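Student: Okay, here's the structure, questions in a sec.
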Amino acid sequence: MSEHPISRDKFIKGAAAGTAAVSIGFPAFIPSRGKAADVIKIGHTDPLSGVYADLGRSQVRGAQLALEHWNKRGGVLGREVVRVVEDEQANPGVGVEKVRKLVNEDKCIGIIGTVSSANTLSESGATLALNVPFVDAGGHTDDAVGKQCHWNTFMTCHQTWMVTHATGYTFAKQLGKRWYMVTPDYAFGHSLAAGYIDVASKAGATVIKNVLTPLGTSDFSPYIPQILSAKPDVVIVNLAGNDFINFMKQGSQFGLFNKINVGGWAAELETIWALPPEVRVGYWGSEWYYKGDIVLGKGNTAGKQFAEEYRKRFGTPATARSCFGYVAMDRMLWAISEAKSTDAVKICRALENQKFKSLWEGEAYYRDINHALMWPMWVGKLRPNGTPEDKYDVIDIVDVEPADKVAPDADSIKKICSLAYP
């Protein structure tokens with residue numbers, strides 16, 4: 001699916017006028033009419049069907065706004081940017097096929113996207129072979145910025161080490177120190193489990209069991225009685241998407257949350273909104289939130305403007321996934337502009353260690369040692385019914401953890417990650 005966000009006539013008029021609207025990271029340039037006739041294509045792979053479809057849709061929408069903002073400013077290198085979107089179905093093999101199509105047939109010079117960590121890893125490898133930059137929007141696995149890191153891959157969402165270390169100490173303090181984990185059996189889940197095991201060793205907690213469940217599990221009834229009989233202080237839910245929804249609904253039916261505390265790596269709004277109010281309980285990580293000074297800050301208007309525009313356009317608030325999509329597209333286009341080139345190596349070098357301000361309070365940057373984005377992580381407590389003013393406002397953000405406190409240290413990264421630029 002190829003998208004031209006604005007008509008060619010409007011694009012050329014907007015480029016020639018050099019509109020003065022201020023947006024995140026946009027360069028101050030006025031492209032020529034001649035160059036505007038050519039386009040730059042960015043490929044976008046996300047799951048638009050299956051277990052992670054709602055999450056993928058939010059990332060696609062966020063990226064759409066970033067793309068439109070850049071084109072309204074005159075595009076990149078004086079050229080209109082066009083996005084080609086493909087549904088990779090949260091299937092690693094399909095993801096590789098889509099990447100090859102986008103690069104070989106559609107002539108995309110960069111790829112963004114993914115929710116499933118398995119897709120992140122497979123598409124990272126495919127883009128490496130094709131020599132194009134890949135900005136992972138929403139696949140969290142540590143391996144993509146660890147032992148399977150590549151020079152062309154950048155991770156926008158928080159790596160699993162960051163989300164587990166931002167939330168795990170809260171669980172130990174607020175919920176108890178005997179932990180039972182329910183974990184999806186693939187790269188993302190394994191990385192989360194490893195992170196929480198590390199936190200437990202440092203916080204004096206014990207993981208009494210970590211049960212692995214297949215991705216796409218619809219019936220969790222065999223697992224829930226085991227949790228009840230184990231009598232942990234807290235069940236840590238490492239699931240996402242429809243798996244998370246199914247587990248939480250069925251756990252409530254068994255009375256699980258009346259007896260045992262619950263928390264997890266992140267409360268993703270797409271899935272929290274899908275739950276009945278009585279199931280919205282526990283402490284959870286939050287990778288971004290659409291309101292509140294703790295996340296958006298008092299002086300940074302960019303996040304508030306994005307939240308307002310997104311809600312007006314799509315009818316519901318922006319989510320962390322919306323933020324991921326926006327930032328992934330914005331930084332890809334910024335790097336092309338900064339490099340003044342579509343050469344993959346030059347684009348990737350431009351992204352490294354460049355501090356920028358975006359949709360949250362404070363600065364962020366992609367580390368040059370493994371290309372993980374360094375930005376804050378937040379922790380919140382669910383409120384079942386939202387607020388009187390906003391039924392969607394279901395998370396009370398209670399704390400923020402700076403990136404340097406919860407990210408792996410540089411020495412440990414250097415032992416396992418070699419970017420190996422050509």
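By convention in this document, the chains of the structure tokens carry letters A, B, ... by their order, each chain's residues are numbered from 1, and ligands are numbered from 1 in the order they are shown.
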Name the residues of segment 300-388 of chain A that fall into strand (DSSP E) according to DSSP on the backbone, using the chain letters and numbers of this document, as a VMD selection string.

Tutor: chain A and resid 356 to 357 363 to 366 373 to 374 377 to 382

Student: Which polymer residues have any atom within 10 Å of an atom of Ser341 of chain A, counting only C-alpha atoms, with same-chain residues fewer than 5 positions away left out, as a list of chain:residue names?

Tutor: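 Here the answer would be A:Val76, A:Leu77, A:Ala335, A:Ile336, A:Lys346, A:Ile347.
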
Student: Can I get the selected residues back with N, CA and C atoms, as a PDB file, in the first residue's frame?

Tutor:
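Generated output (part07.pdb):
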ATOM      1  N   VAL A  76      12.130  15.815   2.233  1.00  0.00           N
ATOM      2  CA  VAL A  76      13.507  15.517   2.635  1.00  0.00           C
ATOM      3  C   VAL A  76      14.399  15.622   1.409  1.00  0.00           C
ATOM      4  N   LEU A  77      15.477  16.351   1.536  1.00  0.00           N
ATOM      5  CA  LEU A  77      16.400  16.590   0.418  1.00  0.00           C
ATOM      6  C   LEU A  77      15.666  17.188  -0.781  1.00  0.00           C
ATOM      7  N   ALA A 335      17.565  11.727   9.773  1.00  0.00           N
ATOM      8  CA  ALA A 335      18.905  11.231   9.473  1.00  0.00           C
ATOM      9  C   ALA A 335      19.233  11.353   7.992  1.00  0.00           C
ATOM     10  N   ILE A 336      18.253  11.093   7.131  1.00  0.00           N
ATOM     11  CA  ILE A 336      18.479  11.263   5.689  1.00  0.00           C
ATOM     12  C   ILE A 336      18.792  12.725   5.384  1.00  0.00           C
ATOM     13  N   LYS A 346      25.833   6.344   5.739  1.00  0.00           N
ATOM     14  CA  LYS A 346      25.793   7.746   6.136  1.00  0.00           C
ATOM     15  C   LYS A 346      24.548   8.045   6.982  1.00  0.00           C
ATOM     16  N   ILE A 347      23.420   7.441   6.618  1.00  0.00           N
ATOM     17  CA  ILE A 347      22.192   7.644   7.396  1.00  0.00           C
ATOM     18  C   ILE A 347      22.372   7.106   8.811  1.00  0.00           C
TER      19      ILE A 347
END

Student: Would you mind telling me which residue in A:Leu373, A:Ala53, A:Ala205, A:Met1 lies nearest to Val85 of chain A when using only C-alpha atoms?

Tutor: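 Ranking A:Leu373, A:Ala53, A:Ala205, A:Met1 by distance to Val85 of chain A, first place goes to A:Met1.
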
Student: Set the distance at 10 Å and use only C-alpha atoms: which residues neighbour Ala172 of chain A once local chain neighbours fewer than 4 positions away are removed? I'd like the list as a PDB file with N, CA and C atoms, in the first residue's frame.

Tutor:
ATOM      1  N   THR A 167      10.544  -1.511  36.166  1.00  0.00           N
ATOM      2  CA  THR A 167       9.350  -1.970  36.883  1.00  0.00           C
ATOM      3  C   THR A 167       9.655  -2.954  38.012  1.00  0.00           C
ATOM      4  N   GLY A 168      10.693  -3.767  37.863  1.00  0.00           N
ATOM      5  CA  GLY A 168      10.940  -4.851  38.805  1.00  0.00           C
ATOM      6  C   GLY A 168      11.150  -4.390  40.239  1.00  0.00           C
ATOM      7  N   GLY A 176       5.505  -7.380  46.585  1.00  0.00           N
ATOM      8  CA  GLY A 176       6.023  -8.575  47.253  1.00  0.00           C
ATOM      9  C   GLY A 176       7.199  -9.168  46.505  1.00  0.00           C
ATOM     10  N   LYS A 177       7.826 -10.170  47.115  1.00  0.00           N
ATOM     11  CA  LYS A 177       9.098 -10.666  46.581  1.00  0.00           C
ATOM     12  C   LYS A 177       9.071 -12.127  46.140  1.00  0.00           C
ATOM     13  N   ARG A 178       7.889 -12.733  46.105  1.00  0.00           N
ATOM     14  CA  ARG A 178       7.771 -14.073  45.514  1.00  0.00           C
ATOM     15  C   ARG A 178       7.033 -13.920  44.191  1.00  0.00           C
ATOM     16  N   TRP A 179       7.763 -14.118  43.088  1.00  0.00           N
ATOM     17  CA  TRP A 179       7.249 -13.791  41.760  1.00  0.00           C
ATOM     18  C   TRP A 179       6.945 -15.047  40.958  1.00  0.00           C
ATOM     19  N   VAL A 199      16.737  -8.585  38.014  1.00  0.00           N
ATOM     20  CA  VAL A 199      16.220  -7.671  39.031  1.00  0.00           C
ATOM     21  C   VAL A 199      15.962  -8.421  40.342  1.00  0.00           C
ATOM     22  N   ALA A 200      15.380  -9.601  40.239  1.00  0.00           N
ATOM     23  CA  ALA A 200      15.079 -10.382  41.439  1.00  0.00           C
ATOM     24  C   ALA A 200      16.344 -10.661  42.247  1.00  0.00           C
ATOM     25  N   ALA A 203      17.141  -7.386  44.013  1.00  0.00           N
ATOM     26  CA  ALA A 203      16.133  -6.808  44.902  1.00  0.00           C
ATOM     27  C   ALA A 203      15.722  -7.755  46.019  1.00  0.00           C
ATOM     28  N   GLY A 204      16.361  -8.907  46.093  1.00  0.00           N
ATOM     29  CA  GLY A 204      16.018  -9.862  47.136  1.00  0.00           C
ATOM     30  C   GLY A 204      14.732 -10.608  46.879  1.00  0.00           C
ATOM     31  N   ALA A 205      14.307 -10.664  45.622  1.00  0.00           N
ATOM     32  CA  ALA A 205      13.088 -11.383  45.255  1.00  0.00           C
ATOM     33  C   ALA A 205      13.438 -12.758  44.705  1.00  0.00           C
ATOM     34  N   THR A 206      12.423 -13.622  44.587  1.00  0.00           N
ATOM     35  CA  THR A 206      12.605 -14.971  44.069  1.00  0.00           C
ATOM     36  C   THR A 206      11.570 -15.249  42.982  1.00  0.00           C
ATOM     37  N   ASP A 233       3.428 -13.804  45.685  1.00  0.00           N
ATOM     38  CA  ASP A 233       3.003 -12.452  46.065  1.00  0.00           C
ATOM     39  C   ASP A 233       2.471 -11.694  44.856  1.00  0.00           C
ATOM     40  N   VAL A 234       3.050 -11.959  43.694  1.00  0.00           N
ATOM     41  CA  VAL A 234       2.674 -11.233  42.491  1.00  0.00           C
ATOM     42  C   VAL A 234       2.862 -12.129  41.280  1.00  0.00           C
TER      43      VAL A 234
END

Student: Counting only C-alpha atoms, which of A:Ile397, A:Val39, A:Gly251, A:Phe306 gets nearest to Gly74 of chain A?

Tutor: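 Distance minimum relative to Gly74 of chain A lands on A:Val39.
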
Student: Can you list, as a list in words, every protein, DNA or RNA residue that comes within 6 Å of segment 123-136 of chain A when you count only C-alpha atoms, leaving out same-chain residues fewer than 4 positions away?

Tutor: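 Skipping anything fewer than 4 positions along the chain leaves Val96, Gly110, Ile111, Ile112, Gly113, Asn119, Asn152, Thr153, Phe154, Met155, Thr156, Ala328 and Ala344 of chain A.
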
Student: Run DSSP on the backbone and give me the residues of segment 66-189 of chain A it puts in alpha helix (DSSP H), as a count of residues only.

Tutor: 48

Student: Please, which residues in segment 66-184 of chain A fall within 8 Å of segment 263-287 of chain A when counting only C-alpha atoms, and what is the closest atom pair and distance in Å to one decimal for each, ordered by chain then residue number, as a Markdown table?

Tutor:
| residue | atom | partner | partner_atom | distance |
| --- | --- | --- | --- | --- |
| A:Cys157 | CA | A:Glu287 | CA | 7.5 |
| A:His158 | CA | A:Glu287 | CA | 7.2 |
| A:Val163 | CA | A:Trp265 | CA | 5.7 |
| A:Thr164 | CA | A:Trp265 | CA | 5.9 |
| A:Ala166 | CA | A:Gly285 | CA | 7.3 |
| A:Thr167 | CA | A:Gly285 | CA | 5.8 |
| A:Phe171 | CA | A:Gly263 | CA | 7.3 |

Student: Looking at only C-alpha atoms, which of A:His44, A:Lys312, A:His140, A:Arg83 is the one that sits closest to Gly95 of chain A?

Tutor: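 Nearest to Gly95 of chain A: A:His44.
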